[in-house]
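Below is one structure, written out as structure tokens; the observations come after it.
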There are 6 protein chains.
Amino acid sequence: MKSSEITELQKAEVLIEALPYIQRFNRKIIVVKYGGSAMVDEQLKHQVIQDVVLLKLVGFKPIIVHGGGKEISRWVNKVGMEPHFVNGLRVTDEPTMEIAEMVLNKVNKSLVQLVNELGVKAVGISGKDGMLLRCEKKLSKGEDIGFVGEITKVDPQIIYDLLEKDFLPIICPIGSDEYYASYNINADDAACAIARAVNAEKLAFLTDVEGVYRDFEDKSSLISEMTVKEAQDFVNSGSLGGGMLPKLQNCIDAIENGVSRVHILDGRIAHCLLLEIFTNRGIGTAIYKDGDARYFHEEAK
Amino acid sequence: MKSSEITELQKAEVLIEALPYIQRFNRKIIVVKYGGSAMVDEQLKHQVIQDVVLLKLVGFKPIIVHGGGKEISRWVNKVGMEPHFVNGLRVTDEPTMEIAEMVLNKVNKSLVQLVNELGVKAVGISGKDGMLLRCEKKLSKGEDIGFVGEITKVDPQIIYDLLEKDFLPIICPIGSDEYYASYNINADDAACAIARAVNAEKLAFLTDVEGVYRDFEDKSSLISEMTVKEAQDFVNSGSLGGGMLPKLQNCIDAIENGVSRVHILDGRIAHCLLLEIFTNRGIGTAIYKDGDARYFHEEAK
Amino acid sequence: MKSSEITELQKAEVLIEALPYIQRFNRKIIVVKYGGSAMVDEQLKHQVIQDVVLLKLVGFKPIIVHGGGKEISRWVNKVGMEPHFVNGLRVTDEPTMEIAEMVLNKVNKSLVQLVNELGVKAVGISGKDGMLLRCEKKLSKGEDIGFVGEITKVDPQIIYDLLEKDFLPIICPIGSDEYYASYNINADDAACAIARAVNAEKLAFLTDVEGVYRDFEDKSSLISEMTVKEAQDFVNSGSLGGGMLPKLQNCIDAIENGVSRVHILDGRIAHCLLLEIFTNRGIGTAIYKDGDARYFHEEAK
Amino acid sequence: MKSSEITELQKAEVLIEALPYIQRFNRKIIVVKYGGSAMVDEQLKHQVIQDVVLLKLVGFKPIIVHGGGKEISRWVNKVGMEPHFVNGLRVTDEPTMEIAEMVLNKVNKSLVQLVNELGVKAVGISGKDGMLLRCEKKLSKGEDIGFVGEITKVDPQIIYDLLEKDFLPIICPIGSDEYYASYNINADDAACAIARAVNAEKLAFLTDVEGVYRDFEDKSSLISEMTVKEAQDFVNSGSLGGGMLPKLQNCIDAIENGVSRVHILDGRIAHCLLLEIFTNRGIGTAIYKDGDARYFHEEAK
Amino acid sequence: MKSSEITELQKAEVLIEALPYIQRFNRKIIVVKYGGSAMVDEQLKHQVIQDVVLLKLVGFKPIIVHGGGKEISRWVNKVGMEPHFVNGLRVTDEPTMEIAEMVLNKVNKSLVQLVNELGVKAVGISGKDGMLLRCEKKLSKGEDIGFVGEITKVDPQIIYDLLEKDFLPIICPIGSDEYYASYNINADDAACAIARAVNAEKLAFLTDVEGVYRDFEDKSSLISEMTVKEAQDFVNSGSLGGGMLPKLQNCIDAIENGVSRVHILDGRIAHCLLLEIFTNRGIGTAIYKDGDARYFHEEAK
Amino acid sequence: MKSSEITELQKAEVLIEALPYIQRFNRKIIVVKYGGSAMVDEQLKHQVIQDVVLLKLVGFKPIIVHGGGKEISRWVNKVGMEPHFVNGLRVTDEPTMEIAEMVLNKVNKSLVQLVNELGVKAVGISGKDGMLLRCEKKLSKGEDIGFVGEITKVDPQIIYDLLEKDFLPIICPIGSDEYYASYNINADDAACAIARAVNAEKLAFLTDVEGVYRDFEDKSSLISEMTVKEAQDFVNSGSLGGGMLPKLQNCIDAIENGVSRVHILDGRIAHCLLLEIFTNRGIGTAIYKDGDARYFHEEAK
């Protein structure tokens, strides 16, 4: 059935269905880690931005934190350099760092532009602005891989100021160390650290998977929800691998530090943010505090 | 097709479609004159309240002004009095006025309750509170019909204060004269005077007709829109009669005094407020300033 | 001696005598439970309102909480219903509740009007407005007597907002339960709960007795003051009966929860509020914290 | 009849009588030029301060401007100098100016103290503080009489700041010229200039006469009120002499520049300020705008 | 003589000398167009940033607007593209625009970093953020040279917000047109448009020349100051050429639109900003309003 | 070398050198006890005021507390009285107190004037204003020496209010006891008590000695810094005498109650305040918390 076949009355009823969700998150901060396919596919990109703008307009306080890995690689190649990885992490020498910063800021401003187009004023900043993100060198299994940063301190003042002035903050994960050298920071880490620092109500990761699988090989084993304890047990069990391990660790960390609920969403699904927030069905994997009700409506009772 | 058959994605798209309308009316005041069938039918009543609460939550500033004519008659009878009308206007002697005030305040608080139920805090006031509405005796063709008031002054401070504190104001049309006697005021007049006083963006009358007909006998002659000049010409033509004449005069008066757009809506249609505000199709009759574009999307261009 | 015989100089001296009392209660909240004869006799009514308005104008923050029992009975009869009492409490079925709410709101707005007349802006609300009073069903010795409510929660935000905006709040004791049904609440209970919630400096009950008697039969046994401990002992002694028992229990409860001083005043005495507040003689019975000085001037030393 | 013979009820009635006056001047600025006998007699002094403190506490914004002529002369003599006058004006050479400033500041702080004693926080400033009063040398009939200043500019910011912070400002009339030399300013001139600068509602001069006489020799010719036009005509008639001429000219100047009403009061009468403000009888001479009603109650109609 | 030979007392005296200049510009906005050698030479760069940080700390409100022309060319080459110029303007096709935006944002964040290092929090934005700069395509003598923008609208809200929150705004001249395409804007134009929009007190261009020469060949013909009329006459005379012509036109435009004084400074001189602002000697060429005094101290008289 | 021989560039570098100090004390309160030669010598006086004004303009919040001992003695003699001392303390009978208050207020306003001249608005208050300083009689070794006060309470509200409104407060040490009698307070004590009450960052005493000597006879034994523990040990050792003992005790007291650093400066040195604050060399004796680094730059590391 096409959207155009929906009657006006049905549309009104859809809006009314959104009422309790709008109430629930009114004036709450929602950090969206934006990355993966949703940043590459133009239509998905447009839909994510629409979702975030809607959240802003109905009274939420969304913040976008984004990466730009593929685009960085593309530009490293473009200037004739060879991307170099150690233990799956990009070795970030000074020329690479320079390109990384240029590319991330370019991506940042293009997102600002997309938000502006929808009539909401965005401000794009990096972790340098207002000294938002301080970091130190992160080693990879003891090995120096260059200007890859581990966050040591978040000063969220610039975020609060932009939110107070009704701007939508869009943040790229560049930080600086105590000598004011620039570092590339993993966007998941940055999103998690920022969500913690601003006591976000929600932290949503847009990824290229459906969510967390109990058994990655078995696509039917998708876990739709876990308490933080279950998540920690799962991590400890050692059966989780690849990129999901640090992501899940980030989720656990966020919840243990004040974020109410973390979502690992499938960014390849159109309007996945709205689907997660405005429906009770839920998509992807939700991690929440031990003792919380599984569903919002259950909580409400 | 039932609403439940709509897919989640379609729901998300419906929300996204609402984006430009939400932006357009963000922080704007919308006065809703609530009356007629929409106050009697329990389901319609619930839907109107849902609509207003949604408007509040997505950033509008709705104000409800309501009447209660039928309920007043019911109570006048209940205490063994005989309702008495002159030129179609209720003769309001002191005992009738006492009942009218009791009934209107009861209705007022029941609306407060309904809004509260949906999680938005309402405050119900009459025109006496904060000395909102001052009036003088209104004669009916020169005849004294008792405590029927004509508004002489609106002090909107209490409304601004309640809006600033994020309450939804619900107002019943009782006012007082210079000797502090109580008067019953026509709810349409009160809605119009309040909309003018607060420079409302929109004033919407919920009525029991489809809108204004060019020829009342010919239901196909519904006028979907008029400029204020066209409306005045129509009034002057003398072909308009019954209750619509003063209502349309009120509409003209509102627009000439700063309200941007006035709507005569069919309150018997479910979610008529949302349909009017969140779709471009429009329902009922819209009256707007000379020179304004006919549709919102045209304006936007 | 008539007031007109007082010289201008003497009047000036009376004003000067009020200085320390004005200072003492500057910007303090004073909750007045208004009821009894003072609500029936027109002259007394006018004097109470004058007193409260004066308190407002010289810098206090008075709040009126009122009942309306006799007027409710009158209207119950008027519509041909039979008032019904169990254990001295009105059985409040749904039709009775409907009338009670109508009458209380009518009384409420008439008080608003009287305050307005004296040039101070009042706002009349019930416990439904801003969800001020939440309650549950109160049983009478285990018996269901209908929509009689026991307060479970006070949300004083609407009161603070009205006070901040310089309005005088007038409150009638209607509340709602978790299913948003309406309940009639004892006005004494409401006044006490509100005084606690806003940390009132003073709570004054206008009653139809001189105060608390040690021996109700012996009018010379009027107790002019008690510490809260003495009051509790008196309650425990079992020698107190009738309507005074719950009232005194309310007084004790208020003081134990932050109200500084509670007064049981004789509302039949003209200007009893001013007499209590602006003179050191005191009238009626005062209950205060253990350890407080008996008189204000003693305290000041 | 002694004040103590007045009953408590009569006292309450006196307070109630003050209601309309308290309302009328709520948050209005009242400048009191304090001088003459009322500064010398200890009891009168105490009464004036009581009056001003009461005005403050019931919501007015009083400002005291005071002189100190006799005390200056006393100290000039004390240090063995000879006061010297030209055309009735003190010749103020540098040593005299030094003493004048010392004495005026001493008087200033003693008034601060008296206000403090009554529980209201006062702040004593001179025209130097916050650069309140700028002046230039004033000649006496073309003759240089030293550091006697004519006000050229008032910067009322410090007054507004002190009022906003709820202090009672007490001001002594010392100013400085463009080279930052100190000047003694006539206190009447200072009070008038300050009342104009802050748009005072009222300016009251405490003097040692009953008011303005039509014929100074005939004490029965006291003028109880004049419009500003009548006052100007009287000045122009040339029949007014002595110290009253510049005072009346100051009054006219004040009213023509925004002050609503000016009073020449007899400071020898106990509580003359309260008598003027809280009674309708009026004392002394009132000067008001042409077209204003003679009495407050007439105005109110 | 080395700085270290200056005595401590002399240092204190130098600070005291700065007093009147600090007062004069307290809380005033100063726009610094940063470019040329001062952006290339590391020491000069550091000194400019020190100057701006000092201005911030002593109470001014500096804003940096910067270009990055040479660095853009370097990167265009780096990715193997050929810079292309028409009439001296860079032809900015889409790939060039992409690089320009990347480079300008990189430069922007490196300046943010330098300011941060000195303990002042900077925020780097482009003209896209908060929709600061809107533009349209600029033709070069009728020829389309790609994404080179001409400013059509400045929305300074984001600047005011950042200044209010005590951040130092650093701005790179990227704007967007009505279709939200990105444009490169001449940094001089951007600085001028921003200075106008925020009513800057001062606009200072850091250039690679000493200032404006009456005869470019004759280095002794440096003009130290011009009124805006003299500047316009000079422009009209046709004797001015090269890059100085549009710059001077910008200066005239700025002054005619509310900027008080514009300076063309030699950015190759260490601390040229401080020299200009904190000394009366002046460096470079100053353009000011007709009728203004030539020197600050003259003005002060 | 004369100041005029310093090049403009050197001046700019001096300003740049001040950067870290300006940052460090930004918005911090600095209490300056002003007295001794620096109050007598006209040039020194001017330099102290310049220093304080500079501190104000670059963002510090200086407060001046001053005495006036020599000038009091001069005036006591002038009116033919004999100064009388017991144990080195002035016996302050009522006439002496009257003169002391006059003189201190005169001095106070002359300092206000000097600050005004430099373009910063000062407000001069005594400890009576806003009831800043409350005290009780101080005995000298058990002997009553008249109106010499010991501070019992500081109410710093008036200081905070003046600072908030951007005034520079200048305070003379007159206080009042519980009966509102006036007392002369030692200016060192007042400065110390005020610094404590406002949590000053720094308290600087301008004295007529170089600082604290380990052996007063040996001018080479000047102590440039002490921790508070070292200072206490030194006091306990009994080797300290004269006026320095109570001063050092005041310093210790201040640091133990929240002041970060106290300085005993040689007020005879030009610009001693700037030298202390804007250079790392330090002058006079600094007392600081145990554990603090000796120098600011060490701290910064």
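Here's how to read the names in the structure tokens: chain A, B, ... by the order shown, residue numbers from 1 in each chain, ligand numbers from 1 in the order shown.
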Which residues, written as a PyMOL selection string, have at least one atom at most 10 Å from Ile125 in chain E, with only C-alpha atoms counted and residues fewer than 4 positions away on the same chain left out? (chain A and resi 109+123-126+129) or (chain E and resi 65+105+108-109+112+129-130+132+158-159+169-174)
Once you count only C-alpha atoms, which residues of chain C turn out to be within 7 Å of chain D? Could you give them as number ranges by chain? C: 3, 8, 10-12, 14-16, 19, 22-23, 50, 54, 57-59, 271, 274-275
Since we have the selection now, will you write its residues out, keeping N, CA and C atoms, as an mmCIF file, in the first residue's frame?
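Heads up, here's the output in out.cif:
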```
data_model
loop_
_atom_site.group_PDB
_atom_site.id
_atom_site.type_symbol
_atom_site.label_atom_id
_atom_site.label_comp_id
_atom_site.auth_asym_id
_atom_site.auth_seq_id
_atom_site.Cartn_x
_atom_site.Cartn_y
_atom_site.Cartn_z
ATOM 1 N N SER C 3 -14.671 54.952 64.900
ATOM 2 C CA SER C 3 -13.442 55.045 64.124
ATOM 3 C C SER C 3 -13.220 56.461 63.634
ATOM 4 N N GLU C 8 -6.130 61.837 62.835
ATOM 5 C CA GLU C 8 -5.233 61.435 61.747
ATOM 6 C C GLU C 8 -3.901 60.958 62.326
ATOM 7 N N GLN C 10 -3.356 59.608 65.201
ATOM 8 C CA GLN C 10 -3.516 58.275 65.770
ATOM 9 C C GLN C 10 -3.499 57.213 64.668
ATOM 10 N N LYS C 11 -4.116 57.548 63.529
ATOM 11 C CA LYS C 11 -4.095 56.610 62.418
ATOM 12 C C LYS C 11 -2.660 56.345 61.950
ATOM 13 N N ALA C 12 -1.904 57.417 61.850
ATOM 14 C CA ALA C 12 -0.512 57.261 61.427
ATOM 15 C C ALA C 12 0.228 56.359 62.416
ATOM 16 N N VAL C 14 -1.030 54.032 64.264
ATOM 17 C CA VAL C 14 -1.476 52.648 64.087
ATOM 18 C C VAL C 14 -0.689 52.000 62.942
ATOM 19 N N LEU C 15 -0.518 52.752 61.870
ATOM 20 C CA LEU C 15 0.265 52.213 60.742
ATOM 21 C C LEU C 15 1.691 51.913 61.178
ATOM 22 N N ILE C 16 2.277 52.836 61.929
ATOM 23 C CA ILE C 16 3.651 52.647 62.383
ATOM 24 C C ILE C 16 3.759 51.403 63.278
ATOM 25 N N LEU C 19 4.511 48.187 61.565
ATOM 26 C CA LEU C 19 5.828 48.008 60.938
ATOM 27 C C LEU C 19 6.498 46.665 61.231
ATOM 28 N N ILE C 22 4.760 43.752 59.528
ATOM 29 C CA ILE C 22 4.928 43.749 58.071
ATOM 30 C C ILE C 22 6.299 43.183 57.715
ATOM 31 N N GLN C 23 7.299 43.635 58.468
ATOM 32 C CA GLN C 23 8.655 43.127 58.229
ATOM 33 C C GLN C 23 8.755 41.629 58.415
ATOM 34 N N GLN C 50 -10.929 41.939 52.449
ATOM 35 C CA GLN C 50 -10.113 43.141 52.678
ATOM 36 C C GLN C 50 -8.810 42.780 53.394
ATOM 37 N N LEU C 54 -5.117 43.272 51.895
ATOM 38 C CA LEU C 54 -4.119 44.094 52.574
ATOM 39 C C LEU C 54 -2.823 43.304 52.774
ATOM 40 N N LEU C 57 -0.989 43.309 49.600
ATOM 41 C CA LEU C 57 -0.407 44.592 49.195
ATOM 42 C C LEU C 57 0.792 45.001 50.039
ATOM 43 N N VAL C 58 0.823 44.585 51.303
ATOM 44 C CA VAL C 58 1.978 44.976 52.119
ATOM 45 C C VAL C 58 3.101 43.950 52.018
ATOM 46 N N GLY C 59 2.994 43.027 51.069
ATOM 47 C CA GLY C 59 4.158 42.200 50.777
ATOM 48 C C GLY C 59 4.086 40.744 51.200
ATOM 49 N N HIS C 271 -12.352 41.327 60.879
ATOM 50 C CA HIS C 271 -10.915 41.498 60.654
ATOM 51 C C HIS C 271 -10.048 40.601 61.537
ATOM 52 N N LEU C 274 -6.337 40.292 60.443
ATOM 53 C CA LEU C 274 -5.458 41.422 60.778
ATOM 54 C C LEU C 274 -5.185 41.464 62.271
ATOM 55 N N LEU C 275 -6.203 41.202 63.076
ATOM 56 C CA LEU C 275 -6.019 41.231 64.523
ATOM 57 C C LEU C 275 -4.953 40.218 64.932
#
```
Just want the 6 Å neighbourhood of range 85-96 of chain A, counted on only C-alpha atoms, with same-chain residues fewer than 4 positions away dropped. Output as a PyMOL selection string. chain A and resi 100+145-147
I'd like the neighbourhood of Val32 in chain C as a short mmCIF file (atom, residue, chain, number, x, y, z; two decimals) with C-alpha atoms, in the first residue's frame, where a residue qualifies if any of its atoms comes within 6 Å (using only C-alpha atoms), though same-chain residues fewer than 3 positions away should be ignored.
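Contents of selection.cif, as written:
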```cif
data_model
loop_
_atom_site.label_atom_id
_atom_site.label_comp_id
_atom_site.auth_asym_id
_atom_site.auth_seq_id
_atom_site.Cartn_x
_atom_site.Cartn_y
_atom_site.Cartn_z
CA ILE C 64 -7.10 31.32 50.07
CA LEU C 203 -1.83 28.55 58.23
CA ALA C 204 -4.99 30.16 59.57
#
```
I want to know what sits within 7 Å of Tyr213 in chain F, based on only C-alpha atoms, with residues of the same chain fewer than 4 positions away left out; could you give that as a PyMOL selection string? chain F and resi 219+221-223
Write the residues you've just listed into a file as a compact mmCIF listing (two decimals), in the first residue's frame, and include N, CA and C atoms for each of them.
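Saved file out-v6.txt follows:
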```txt
# COMPACT_ATOMS: atom_id res chain seq x y z
N LYS F 219 67.60 44.34 57.61
CA LYS F 219 66.76 44.58 56.44
C LYS F 219 67.00 43.56 55.31
N SER F 221 66.84 40.47 55.87
CA SER F 221 66.13 39.23 56.25
C SER F 221 64.67 39.21 55.78
N LEU F 222 64.39 40.02 54.78
CA LEU F 222 63.01 40.06 54.26
C LEU F 222 62.55 38.67 53.81
N ILE F 223 61.39 38.30 54.24
CA ILE F 223 60.83 36.99 53.85
C ILE F 223 59.95 37.21 52.63
```
What's the 12 Å shell around Pro246 in chain A, counting only C-alpha atoms, without same-chain residues fewer than 2 positions away, as JSON, numbers by chain? {"A": [186, 187, 188, 189, 192, 231, 232, 235, 240, 241, 242, 243, 244, 248, 249, 250, 251, 252, 253]}
Those selected residues, please, written with N, CA and C atoms and delivered as a PDB file, in the first residue's frame.
```pdb
ATOM      1  N   ASN A 186      37.677   7.592  17.645  1.00  0.00           N
ATOM      2  CA  ASN A 186      36.626   6.712  17.172  1.00  0.00           C
ATOM      3  C   ASN A 186      35.269   7.353  17.459  1.00  0.00           C
ATOM      4  N   ALA A 187      34.419   7.408  16.434  1.00  0.00           N
ATOM      5  CA  ALA A 187      33.152   8.134  16.578  1.00  0.00           C
ATOM      6  C   ALA A 187      32.234   7.474  17.604  1.00  0.00           C
ATOM      7  N   ASP A 188      32.280   6.146  17.691  1.00  0.00           N
ATOM      8  CA  ASP A 188      31.474   5.467  18.718  1.00  0.00           C
ATOM      9  C   ASP A 188      31.907   5.914  20.107  1.00  0.00           C
ATOM     10  N   ASP A 189      33.222   5.956  20.316  1.00  0.00           N
ATOM     11  CA  ASP A 189      33.736   6.392  21.618  1.00  0.00           C
ATOM     12  C   ASP A 189      33.292   7.816  21.923  1.00  0.00           C
ATOM     13  N   CYS A 192      29.605   8.024  22.788  1.00  0.00           N
ATOM     14  CA  CYS A 192      29.390   7.473  24.125  1.00  0.00           C
ATOM     15  C   CYS A 192      29.836   8.459  25.199  1.00  0.00           C
ATOM     16  N   ALA A 231      23.967  -7.740  29.052  1.00  0.00           N
ATOM     17  CA  ALA A 231      24.951  -7.315  28.050  1.00  0.00           C
ATOM     18  C   ALA A 231      26.362  -7.598  28.544  1.00  0.00           C
ATOM     19  N   GLN A 232      26.608  -7.302  29.811  1.00  0.00           N
ATOM     20  CA  GLN A 232      27.945  -7.525  30.365  1.00  0.00           C
ATOM     21  C   GLN A 232      28.260  -9.021  30.381  1.00  0.00           C
ATOM     22  N   VAL A 235      29.162 -10.047  26.919  1.00  0.00           N
ATOM     23  CA  VAL A 235      30.536  -9.612  26.601  1.00  0.00           C
ATOM     24  C   VAL A 235      31.533 -10.549  27.279  1.00  0.00           C
ATOM     25  N   LEU A 240      31.295 -12.885  21.616  1.00  0.00           N
ATOM     26  CA  LEU A 240      31.053 -11.731  20.755  1.00  0.00           C
ATOM     27  C   LEU A 240      32.364 -11.278  20.132  1.00  0.00           C
ATOM     28  N   GLY A 241      32.334 -10.961  18.864  1.00  0.00           N
ATOM     29  CA  GLY A 241      33.606 -10.579  18.245  1.00  0.00           C
ATOM     30  C   GLY A 241      33.459  -9.409  17.322  1.00  0.00           C
ATOM     31  N   GLY A 242      34.453  -9.130  16.571  1.00  0.00           N
ATOM     32  CA  GLY A 242      34.434  -8.082  15.552  1.00  0.00           C
ATOM     33  C   GLY A 242      34.174  -6.715  16.126  1.00  0.00           C
ATOM     34  N   GLY A 243      33.556  -5.893  15.299  1.00  0.00           N
ATOM     35  CA  GLY A 243      33.313  -4.502  15.694  1.00  0.00           C
ATOM     36  C   GLY A 243      32.268  -4.376  16.776  1.00  0.00           C
ATOM     37  N   MET A 244      31.474  -5.439  16.976  1.00  0.00           N
ATOM     38  CA  MET A 244      30.372  -5.318  17.934  1.00  0.00           C
ATOM     39  C   MET A 244      30.864  -5.291  19.378  1.00  0.00           C
ATOM     40  N   LEU A 248      29.405  -2.717  22.010  1.00  0.00           N
ATOM     41  CA  LEU A 248      28.583  -3.155  23.130  1.00  0.00           C
ATOM     42  C   LEU A 248      29.200  -2.688  24.454  1.00  0.00           C
ATOM     43  N   GLN A 249      30.523  -2.718  24.485  1.00  0.00           N
ATOM     44  CA  GLN A 249      31.198  -2.229  25.687  1.00  0.00           C
ATOM     45  C   GLN A 249      30.875  -0.752  25.912  1.00  0.00           C
ATOM     46  N   ASN A 250      30.859   0.001  24.827  1.00  0.00           N
ATOM     47  CA  ASN A 250      30.469   1.412  24.900  1.00  0.00           C
ATOM     48  C   ASN A 250      29.045   1.565  25.432  1.00  0.00           C
ATOM     49  N   CYS A 251      28.160   0.713  24.947  1.00  0.00           N
ATOM     50  CA  CYS A 251      26.759   0.770  25.397  1.00  0.00           C
ATOM     51  C   CYS A 251      26.668   0.558  26.898  1.00  0.00           C
ATOM     52  N   ILE A 252      27.359  -0.469  27.360  1.00  0.00           N
ATOM     53  CA  ILE A 252      27.346  -0.791  28.788  1.00  0.00           C
ATOM     54  C   ILE A 252      27.881   0.384  29.595  1.00  0.00           C
ATOM     55  N   ASP A 253      28.988   0.901  29.103  1.00  0.00           N
ATOM     56  CA  ASP A 253      29.632   2.034  29.765  1.00  0.00           C
ATOM     57  C   ASP A 253      28.682   3.220  29.859  1.00  0.00           C
TER      58      ASP A 253
END
```
Expected answer as a PyMOL selection string: alpha helix (DSSP H) residues in range 48-163 of chain A: chain A and resi 48-57+69-78+94-117+157-163
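A straight line drawn from CA of Gly67 in chain E to CA of Ala197 in chain E is 19.0 Å long.
Backbone DSSP of range 2-86 of chain C yields strand (DSSP E or B) at Ile29, Ile30, Val31, Val32, Lys33, Tyr34, Lys61, Pro62, Ile63, Ile64, Val65, His66, Phe85 and Val86 of chain C.
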Could you write out the selected residues, including C-alpha atoms, as a short mmCIF file (atom, residue, chain, number, x, y, z; two decimals), in the first residue's frame?
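Once written, part_20.cif looks like this:
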```
data_model
loop_
_atom_site.label_atom_id
_atom_site.label_comp_id
_atom_site.auth_asym_id
_atom_site.auth_seq_id
_atom_site.Cartn_x
_atom_site.Cartn_y
_atom_site.Cartn_z
CA ILE C 29 3.30 32.55 52.33
CA ILE C 30 0.17 32.58 54.47
CA VAL C 31 -2.54 30.01 53.75
CA VAL C 32 -6.02 31.04 54.84
CA LYS C 33 -8.65 28.32 55.15
CA TYR C 34 -11.79 30.29 54.55
CA LYS C 61 1.84 36.06 49.84
CA PRO C 62 -1.63 34.97 50.94
CA ILE C 63 -3.43 31.97 49.46
CA ILE C 64 -7.10 31.32 50.07
CA VAL C 65 -8.43 27.75 50.32
CA HIS C 66 -12.17 27.62 50.72
CA PHE C 85 -24.59 11.74 55.40
CA VAL C 86 -22.75 8.79 56.92
#
```
